[in-house]
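File shown here: work26.cif, holding mmCIF, C-alpha atoms.
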```cif
data_entry
loop_
_atom_site.label_atom_id
_atom_site.label_comp_id
_atom_site.auth_asym_id
_atom_site.auth_seq_id
_atom_site.Cartn_x
_atom_site.Cartn_y
_atom_site.Cartn_z
CA MET A 153 -18.59 -28.96 -65.06
CA LEU A 154 -20.31 -29.78 -61.79
CA TRP A 155 -17.40 -31.95 -60.72
CA GLN A 156 -14.90 -29.12 -61.35
CA ASN A 157 -16.97 -26.63 -59.35
CA LYS A 158 -17.27 -29.10 -56.50
CA LYS A 159 -13.47 -29.65 -56.47
CA LEU A 160 -12.82 -25.90 -56.50
CA LYS A 161 -15.02 -25.41 -53.44
CA GLU A 162 -13.29 -28.13 -51.39
CA PRO A 163 -10.93 -26.83 -48.70
CA SER A 164 -7.31 -27.05 -49.72
CA ARG A 165 -4.83 -29.25 -47.88
CA PRO A 166 -1.59 -27.85 -46.47
CA VAL A 167 0.78 -29.00 -49.21
CA ALA A 168 3.84 -27.26 -47.77
CA SER A 169 4.03 -29.39 -44.63
CA GLU A 170 3.56 -32.54 -46.68
CA ASN A 171 6.47 -31.50 -48.90
CA LYS A 172 8.65 -30.79 -45.87
CA THR A 173 7.86 -34.18 -44.38
CA GLY A 174 8.49 -35.76 -47.79
CA SER A 175 11.82 -33.93 -48.01
CA LEU A 176 12.79 -35.25 -44.60
CA GLU A 177 12.02 -38.84 -45.60
CA VAL A 178 13.84 -38.53 -48.93
CA GLY A 179 16.77 -36.88 -47.15
CA LYS A 180 16.94 -39.74 -44.65
CA MET A 181 16.97 -42.21 -47.54
CA TYR A 182 19.94 -40.42 -49.14
CA LEU A 183 21.68 -40.26 -45.77
CA LYS A 184 21.33 -44.03 -45.34
CA LYS A 185 22.60 -44.65 -48.88
CA GLY A 186 25.55 -42.36 -48.23
CA GLN A 187 26.41 -44.02 -44.94
CA SER A 188 26.31 -47.43 -46.60
CA ALA A 189 28.58 -46.23 -49.41
CA PHE A 190 30.96 -44.70 -46.85
CA LYS A 191 31.23 -48.01 -44.99
CA ASN A 192 32.16 -49.62 -48.31
CA ARG A 193 34.78 -46.92 -48.95
CA LYS A 194 32.89 -45.57 -51.95
CA TYR A 195 33.60 -41.98 -50.97
CA GLU A 196 32.41 -40.31 -54.18
CA GLU A 197 29.00 -41.99 -53.84
CA ALA A 198 28.93 -41.26 -50.11
CA GLN A 199 29.69 -37.58 -50.71
CA SER A 200 27.08 -37.27 -53.44
CA ASN A 201 24.36 -38.85 -51.31
CA GLY A 202 25.51 -36.93 -48.24
CA GLU A 203 25.26 -33.66 -50.15
CA LEU A 204 21.74 -34.48 -51.31
CA ALA A 205 20.72 -35.39 -47.77
CA HIS A 206 22.32 -32.20 -46.48
CA THR A 207 20.45 -30.10 -49.03
CA LEU A 208 17.15 -31.70 -48.05
CA ILE A 209 17.52 -31.85 -44.26
CA ALA A 210 20.10 -29.38 -42.88
CA ASP A 211 17.77 -26.37 -42.68
CA LEU A 212 14.44 -28.21 -42.55
CA LYS A 213 12.33 -27.09 -39.61
CA VAL A 214 10.42 -30.39 -39.35
CA ALA A 215 13.72 -32.24 -38.86
CA SER A 216 14.84 -32.62 -35.28
CA PRO A 217 18.03 -30.87 -34.17
CA ALA A 218 19.67 -34.30 -33.88
CA GLU A 219 18.71 -35.16 -37.48
CA ARG A 220 20.02 -31.84 -38.77
CA GLN A 221 23.27 -32.28 -36.83
CA ALA A 222 23.70 -35.87 -38.05
CA VAL A 223 23.29 -34.90 -41.69
CA ARG A 224 25.69 -31.96 -41.35
CA GLN A 225 28.29 -34.15 -39.68
CA PHE A 226 27.98 -36.91 -42.28
CA HIS A 227 28.15 -34.41 -45.14
CA LYS A 228 31.38 -33.02 -43.68
CA GLN A 229 32.87 -36.47 -43.09
CA ALA A 230 32.00 -37.77 -46.57
CA THR A 231 33.16 -34.62 -48.34
CA ILE A 232 36.52 -34.61 -46.58
CA ALA A 233 37.03 -38.32 -47.29
CA TYR A 234 36.22 -37.82 -50.97
CA ALA A 235 38.46 -34.73 -51.22
CA GLN A 236 41.32 -36.70 -49.65
CA THR A 237 40.72 -39.52 -52.14
CA LEU A 238 40.96 -37.02 -55.00
CA PHE A 239 44.21 -35.63 -53.54
CA ASP A 240 45.67 -39.15 -53.21
CA ARG A 241 44.70 -39.92 -56.81
CA ALA A 242 46.34 -36.64 -57.90
CA GLN A 243 49.59 -37.71 -56.22
CA GLN A 244 49.42 -41.09 -57.96
CA ALA A 245 48.78 -39.46 -61.34
CA TYR A 246 51.68 -37.06 -60.75
CA ARG A 247 54.03 -39.94 -59.93
CA ALA A 248 52.84 -41.68 -63.11
CA LYS A 249 53.63 -38.47 -65.05
CA GLU A 250 49.96 -38.01 -66.00
CA THR A 251 50.16 -34.28 -65.37
CA ASN A 252 46.88 -33.16 -66.94
CA GLN A 253 44.95 -35.70 -64.90
CA ALA A 254 46.90 -34.80 -61.76
CA ILE A 255 46.12 -31.08 -62.16
CA ALA A 256 42.42 -31.80 -62.71
CA LEU A 257 42.32 -34.01 -59.62
CA CYS A 258 44.04 -31.30 -57.54
CA GLN A 259 41.43 -28.79 -58.67
CA GLN A 260 38.60 -31.21 -57.86
CA SER A 261 40.11 -31.83 -54.45
CA VAL A 262 40.23 -28.09 -53.73
CA GLY A 263 36.61 -27.80 -54.91
CA MET A 264 35.49 -30.49 -52.49
CA TYR A 265 37.43 -29.07 -49.57
CA CYS A 266 35.95 -25.62 -50.29
CA LYS A 267 32.53 -26.99 -49.36
CA ILE A 268 33.67 -27.51 -45.77
CA PRO A 269 34.71 -24.59 -43.55
CA GLY A 270 38.02 -25.02 -41.75
CA THR A 271 39.77 -26.99 -44.50
CA GLU A 272 42.07 -24.19 -45.66
CA LYS A 273 45.23 -26.19 -44.91
CA GLN A 274 43.98 -29.13 -46.98
CA GLN A 275 43.02 -26.77 -49.82
CA ALA A 276 46.51 -25.26 -49.66
CA GLN A 277 48.07 -28.73 -49.72
CA SER A 278 46.18 -29.57 -52.92
CA LEU A 279 47.17 -26.24 -54.46
CA GLY A 280 50.78 -26.84 -53.41
CA LEU A 281 50.77 -30.14 -55.27
CA GLU A 282 49.25 -28.39 -58.27
CA GLY A 283 52.09 -25.87 -58.09
CA ARG A 284 54.70 -28.67 -58.04
CA ILE A 285 53.04 -30.27 -61.06
CA TYR A 286 53.09 -27.00 -63.02
CA GLU A 287 56.71 -26.52 -62.01
CA SER A 288 57.61 -30.01 -63.25
CA ILE A 289 56.24 -29.26 -66.72
CA GLY A 290 57.93 -25.87 -66.93
CA ASP A 291 54.80 -23.74 -66.45
CA SER A 292 56.19 -21.16 -64.06
CA ALA A 293 53.16 -18.88 -64.27
CA GLY A 294 50.82 -21.76 -63.38
CA ALA A 295 53.10 -22.81 -60.53
CA VAL A 296 53.35 -19.30 -59.08
CA SER A 297 49.58 -18.86 -59.32
CA ALA A 298 48.89 -22.14 -57.51
CA TYR A 299 51.50 -21.41 -54.82
CA ARG A 300 50.10 -17.89 -54.28
CA LYS A 301 46.58 -19.29 -53.81
CA ALA A 302 47.98 -21.85 -51.37
CA ALA A 303 49.82 -19.09 -49.48
CA SER A 304 46.63 -17.05 -49.15
CA LEU A 305 44.86 -20.06 -47.61
CA ASN A 306 47.74 -21.14 -45.37
CA PRO A 307 50.12 -18.23 -44.78
CA GLY A 308 52.35 -20.32 -42.50
CA GLY A 309 52.79 -23.06 -45.07
CA ASN A 310 55.86 -21.57 -46.86
CA TYR A 311 53.98 -21.48 -50.18
CA GLY A 312 54.65 -17.76 -50.65
CA ALA A 313 58.41 -18.31 -50.42
CA ILE A 314 58.19 -21.17 -52.93
CA ALA A 315 56.19 -18.94 -55.30
CA ASP A 316 58.91 -16.26 -55.02
CA GLN A 317 61.65 -18.82 -55.75
CA VAL A 318 59.84 -20.11 -58.83
CA ARG A 319 59.18 -16.56 -60.05
CA GLN A 320 62.82 -15.55 -59.56
CA ALA A 321 64.14 -18.72 -61.20
CA SER A 322 61.98 -18.13 -64.27
CA ALA A 323 62.74 -14.42 -64.61
CA PRO A 324 64.98 -13.49 -67.52
CA PRO A 325 68.50 -12.44 -66.55
CA PRO A 326 69.03 -8.70 -66.23
CA VAL A 327 70.27 -6.96 -69.35
CA GLN A 328 73.81 -5.62 -68.96
CA THR A 329 74.72 -2.53 -70.80
CA VAL A 330 78.27 -1.73 -71.88
CA GLN A 331 79.47 1.75 -71.04
#
```
Spell out the structure here as structure tokens.
Amino acid sequence: MLWQNKKLKEPSRPVASENKTGSLEVGKMYLKKGQSAFKNRKYEEAQSNGELAHTLIADLKVASPAERQAVRQFHKQATIAYAQTLFDRAQQAYRAKETNQAIALCQQSVGMYCKIPGTEKQQAQSLGLEGRIYESIGDSAGAVSAYRKAASLNPGGNYGAIADQVRQASAPPPVQTVQ
């Protein structure tokens, strides 16, 4: 009992600053791991580690401006590289007629690109491929939906016109009445 009372009366240490410093060190560790993976072209691993480092460091006040900028830049670089890898794999799956896998990879690619501002054209490109895949399997509604999303992200990319063509081609012929 005496020991507990003595511990309760001791001044407390500032835990918050220790945690922030700990977060900085852990973030730097993930950044190094990510950079190493990136050099070895392991973009999924690089992106994952870069995202962890970004979460830990990007808004941390004890991190220097240079450290915060470095982690933001690496996170962007790794995420774009991984998103491009997913898009490339989607194209390969599409060529191999593995349509379900190709669609999933397109959606993953869009999800990765969405994490980085300014990648609307790349997102639209992935959605455009998704639209082509849906079109190839006869899913006009899926194709039109993907093309419309692509058009909203990249209005100058002609995706709206393609969506209209697909919609018109899949519309039933008008009913003619005899008079």
Polymer residues at most 10 Å from Ala198 in chain A, all atoms listed in the file, same-chain spacing of 3 or more positions, as a list in words:
Tyr182, Leu183, Lys184, Lys185, Gly186, Gln187, Ser188, Ala189, Phe190, Lys191, Asn192, Arg193, Lys194, Tyr195, Asn201, Gly202, Glu203, Leu204, Phe226, His227, Gln229, Ala230, Thr231, Ala233 and Tyr234 of chain A
Selected residues, C-alpha atoms, written as a PDB file, keeping the file's coordinate frame, please.
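Written out: out.pdb:
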```
ATOM      1  CA  TYR A 182      19.940 -40.420 -49.140  1.00  0.00           C
ATOM      2  CA  LEU A 183      21.680 -40.260 -45.770  1.00  0.00           C
ATOM      3  CA  LYS A 184      21.330 -44.030 -45.340  1.00  0.00           C
ATOM      4  CA  LYS A 185      22.600 -44.650 -48.880  1.00  0.00           C
ATOM      5  CA  GLY A 186      25.550 -42.360 -48.230  1.00  0.00           C
ATOM      6  CA  GLN A 187      26.410 -44.020 -44.940  1.00  0.00           C
ATOM      7  CA  SER A 188      26.310 -47.430 -46.600  1.00  0.00           C
ATOM      8  CA  ALA A 189      28.580 -46.230 -49.410  1.00  0.00           C
ATOM      9  CA  PHE A 190      30.960 -44.700 -46.850  1.00  0.00           C
ATOM     10  CA  LYS A 191      31.230 -48.010 -44.990  1.00  0.00           C
ATOM     11  CA  ASN A 192      32.160 -49.620 -48.310  1.00  0.00           C
ATOM     12  CA  ARG A 193      34.780 -46.920 -48.950  1.00  0.00           C
ATOM     13  CA  LYS A 194      32.890 -45.570 -51.950  1.00  0.00           C
ATOM     14  CA  TYR A 195      33.600 -41.980 -50.970  1.00  0.00           C
ATOM     15  CA  ASN A 201      24.360 -38.850 -51.310  1.00  0.00           C
ATOM     16  CA  GLY A 202      25.510 -36.930 -48.240  1.00  0.00           C
ATOM     17  CA  GLU A 203      25.260 -33.660 -50.150  1.00  0.00           C
ATOM     18  CA  LEU A 204      21.740 -34.480 -51.310  1.00  0.00           C
ATOM     19  CA  PHE A 226      27.980 -36.910 -42.280  1.00  0.00           C
ATOM     20  CA  HIS A 227      28.150 -34.410 -45.140  1.00  0.00           C
ATOM     21  CA  GLN A 229      32.870 -36.470 -43.090  1.00  0.00           C
ATOM     22  CA  ALA A 230      32.000 -37.770 -46.570  1.00  0.00           C
ATOM     23  CA  THR A 231      33.160 -34.620 -48.340  1.00  0.00           C
ATOM     24  CA  ALA A 233      37.030 -38.320 -47.290  1.00  0.00           C
ATOM     25  CA  TYR A 234      36.220 -37.820 -50.970  1.00  0.00           C
TER      26      TYR A 234
END
```
So what does the PyMOL selection byres ((chain A and resi 291-302) around 12) actually pick up in this one, as a PyMOL selection string?
chain A and resi 251+255+258-259+262+271-290+303-323
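Distance-wise, CA of Ile232 in chain A and CA of Asn252 in chain A end up 22.9 Å apart.
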Work out how far CA of Ser216 in chain A is from CA of Glu177 in chain A, in Å to one decimal.
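Spanning CA of Glu177 in chain A to CA of Ser216 in chain A is a straight-line distance of 12.4 Å.
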Computed gap from CA of Val223 in chain A to CA of Ser175 in chain A is 13.1 Å
Find the residue from A:Ala218, A:Ala245, A:Ala235, A:Leu176 that sits nearest to Gln199 in chain A; use only C-alpha atoms when measuring.
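Looking at the shortest contact to Gln199 in chain A, the residue is A:Ala235.
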Using only the atoms of range 215-232 of chain A listed in the file, plus 3 Å on each side, state the axis-aligned box centre and edge lengths in Å rounded to one decimal, as lines of an AutoDock Vina configuration file.
```
center_x = 25.1
center_y = -34.3
center_z = -41.1
size_x = 28.8
size_y = 12.9
size_z = 20.5
```
From A:Glu219, A:Met181, A:Lys228, A:Gly174, residue lying nearest Met264 in chain A [all atoms listed in the file]:
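Closest to Met264 in chain A of all the choices is A:Lys228.
With all atoms listed in the file as the atoms that count, the residue of A:Gln243, A:Thr207, A:Gln328, A:Ser200 with the shortest distance to Ala256 in chain A is A:Gln243.
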Would you fill out range 209-220 of chain A with all heavy atoms and return it as a compact mmCIF listing (two decimals), keeping the file's coordinate frame?
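What ended up in result.txt:
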```txt
# COMPACT_ATOMS: atom_id res chain seq x y z
N ILE A 209 17.81 -31.79 -45.70
CA ILE A 209 17.52 -31.85 -44.26
C ILE A 209 18.13 -30.72 -43.43
O ILE A 209 17.52 -30.27 -42.46
CB ILE A 209 17.98 -33.21 -43.67
CG1 ILE A 209 17.19 -34.36 -44.31
CG2 ILE A 209 17.81 -33.25 -42.17
CD1 ILE A 209 17.67 -35.75 -43.89
N ALA A 210 19.31 -30.26 -43.77
CA ALA A 210 20.10 -29.38 -42.88
C ALA A 210 19.34 -28.18 -42.34
O ALA A 210 19.50 -27.82 -41.18
CB ALA A 210 21.37 -28.92 -43.59
N ASP A 211 18.50 -27.57 -43.14
CA ASP A 211 17.77 -26.37 -42.68
C ASP A 211 16.26 -26.61 -42.59
O ASP A 211 15.49 -25.66 -42.53
CB ASP A 211 18.06 -25.20 -43.62
CG ASP A 211 19.52 -24.81 -43.59
OD1 ASP A 211 20.10 -24.79 -42.49
OD2 ASP A 211 20.08 -24.53 -44.66
N LEU A 212 15.86 -27.85 -42.57
CA LEU A 212 14.44 -28.21 -42.55
C LEU A 212 13.89 -28.12 -41.14
O LEU A 212 14.40 -28.78 -40.23
CB LEU A 212 14.29 -29.62 -43.11
CG LEU A 212 12.93 -30.07 -43.59
CD1 LEU A 212 12.40 -29.18 -44.71
CD2 LEU A 212 13.01 -31.50 -44.09
N LYS A 213 12.88 -27.31 -40.95
CA LYS A 213 12.33 -27.09 -39.61
C LYS A 213 11.63 -28.32 -39.03
O LYS A 213 11.59 -28.48 -37.82
CB LYS A 213 11.37 -25.90 -39.63
CG LYS A 213 12.09 -24.57 -39.80
CD LYS A 213 11.13 -23.42 -39.76
CE LYS A 213 11.74 -22.06 -39.80
NZ LYS A 213 12.84 -21.77 -40.60
N VAL A 214 11.09 -29.19 -39.88
CA VAL A 214 10.42 -30.39 -39.35
C VAL A 214 11.42 -31.47 -38.94
O VAL A 214 11.05 -32.44 -38.29
CB VAL A 214 9.37 -30.99 -40.33
CG1 VAL A 214 8.24 -30.01 -40.57
CG2 VAL A 214 10.01 -31.42 -41.63
N ALA A 215 12.68 -31.29 -39.30
CA ALA A 215 13.72 -32.24 -38.86
C ALA A 215 14.13 -31.87 -37.44
O ALA A 215 14.19 -30.70 -37.07
CB ALA A 215 14.93 -32.16 -39.79
N SER A 216 14.40 -32.87 -36.67
CA SER A 216 14.84 -32.62 -35.28
C SER A 216 16.25 -32.05 -35.30
O SER A 216 17.00 -32.26 -36.26
CB SER A 216 14.81 -33.92 -34.48
OG SER A 216 15.86 -34.77 -34.89
N PRO A 217 16.65 -31.36 -34.24
CA PRO A 217 18.03 -30.87 -34.17
C PRO A 217 19.06 -32.00 -34.32
O PRO A 217 20.09 -31.81 -34.95
CB PRO A 217 18.11 -30.22 -32.78
CG PRO A 217 16.71 -29.81 -32.48
CD PRO A 217 15.84 -30.87 -33.11
N ALA A 218 18.75 -33.15 -33.76
CA ALA A 218 19.67 -34.30 -33.88
C ALA A 218 19.79 -34.76 -35.33
O ALA A 218 20.89 -35.10 -35.79
CB ALA A 218 19.20 -35.45 -33.00
N GLU A 219 18.67 -34.76 -36.07
CA GLU A 219 18.71 -35.16 -37.48
C GLU A 219 19.50 -34.15 -38.30
O GLU A 219 20.30 -34.55 -39.16
CB GLU A 219 17.28 -35.28 -38.03
CG GLU A 219 16.52 -36.47 -37.49
CD GLU A 219 15.03 -36.44 -37.81
OE1 GLU A 219 14.43 -35.32 -37.87
OE2 GLU A 219 14.47 -37.53 -38.01
N ARG A 220 19.28 -32.88 -38.03
CA ARG A 220 20.02 -31.84 -38.77
C ARG A 220 21.51 -31.94 -38.48
O ARG A 220 22.34 -31.84 -39.38
CB ARG A 220 19.48 -30.45 -38.42
CG ARG A 220 18.08 -30.21 -38.98
CD ARG A 220 17.68 -28.75 -38.94
NE ARG A 220 17.63 -28.19 -37.60
CZ ARG A 220 16.54 -28.11 -36.85
NH1 ARG A 220 15.39 -28.57 -37.30
NH2 ARG A 220 16.59 -27.58 -35.65
```
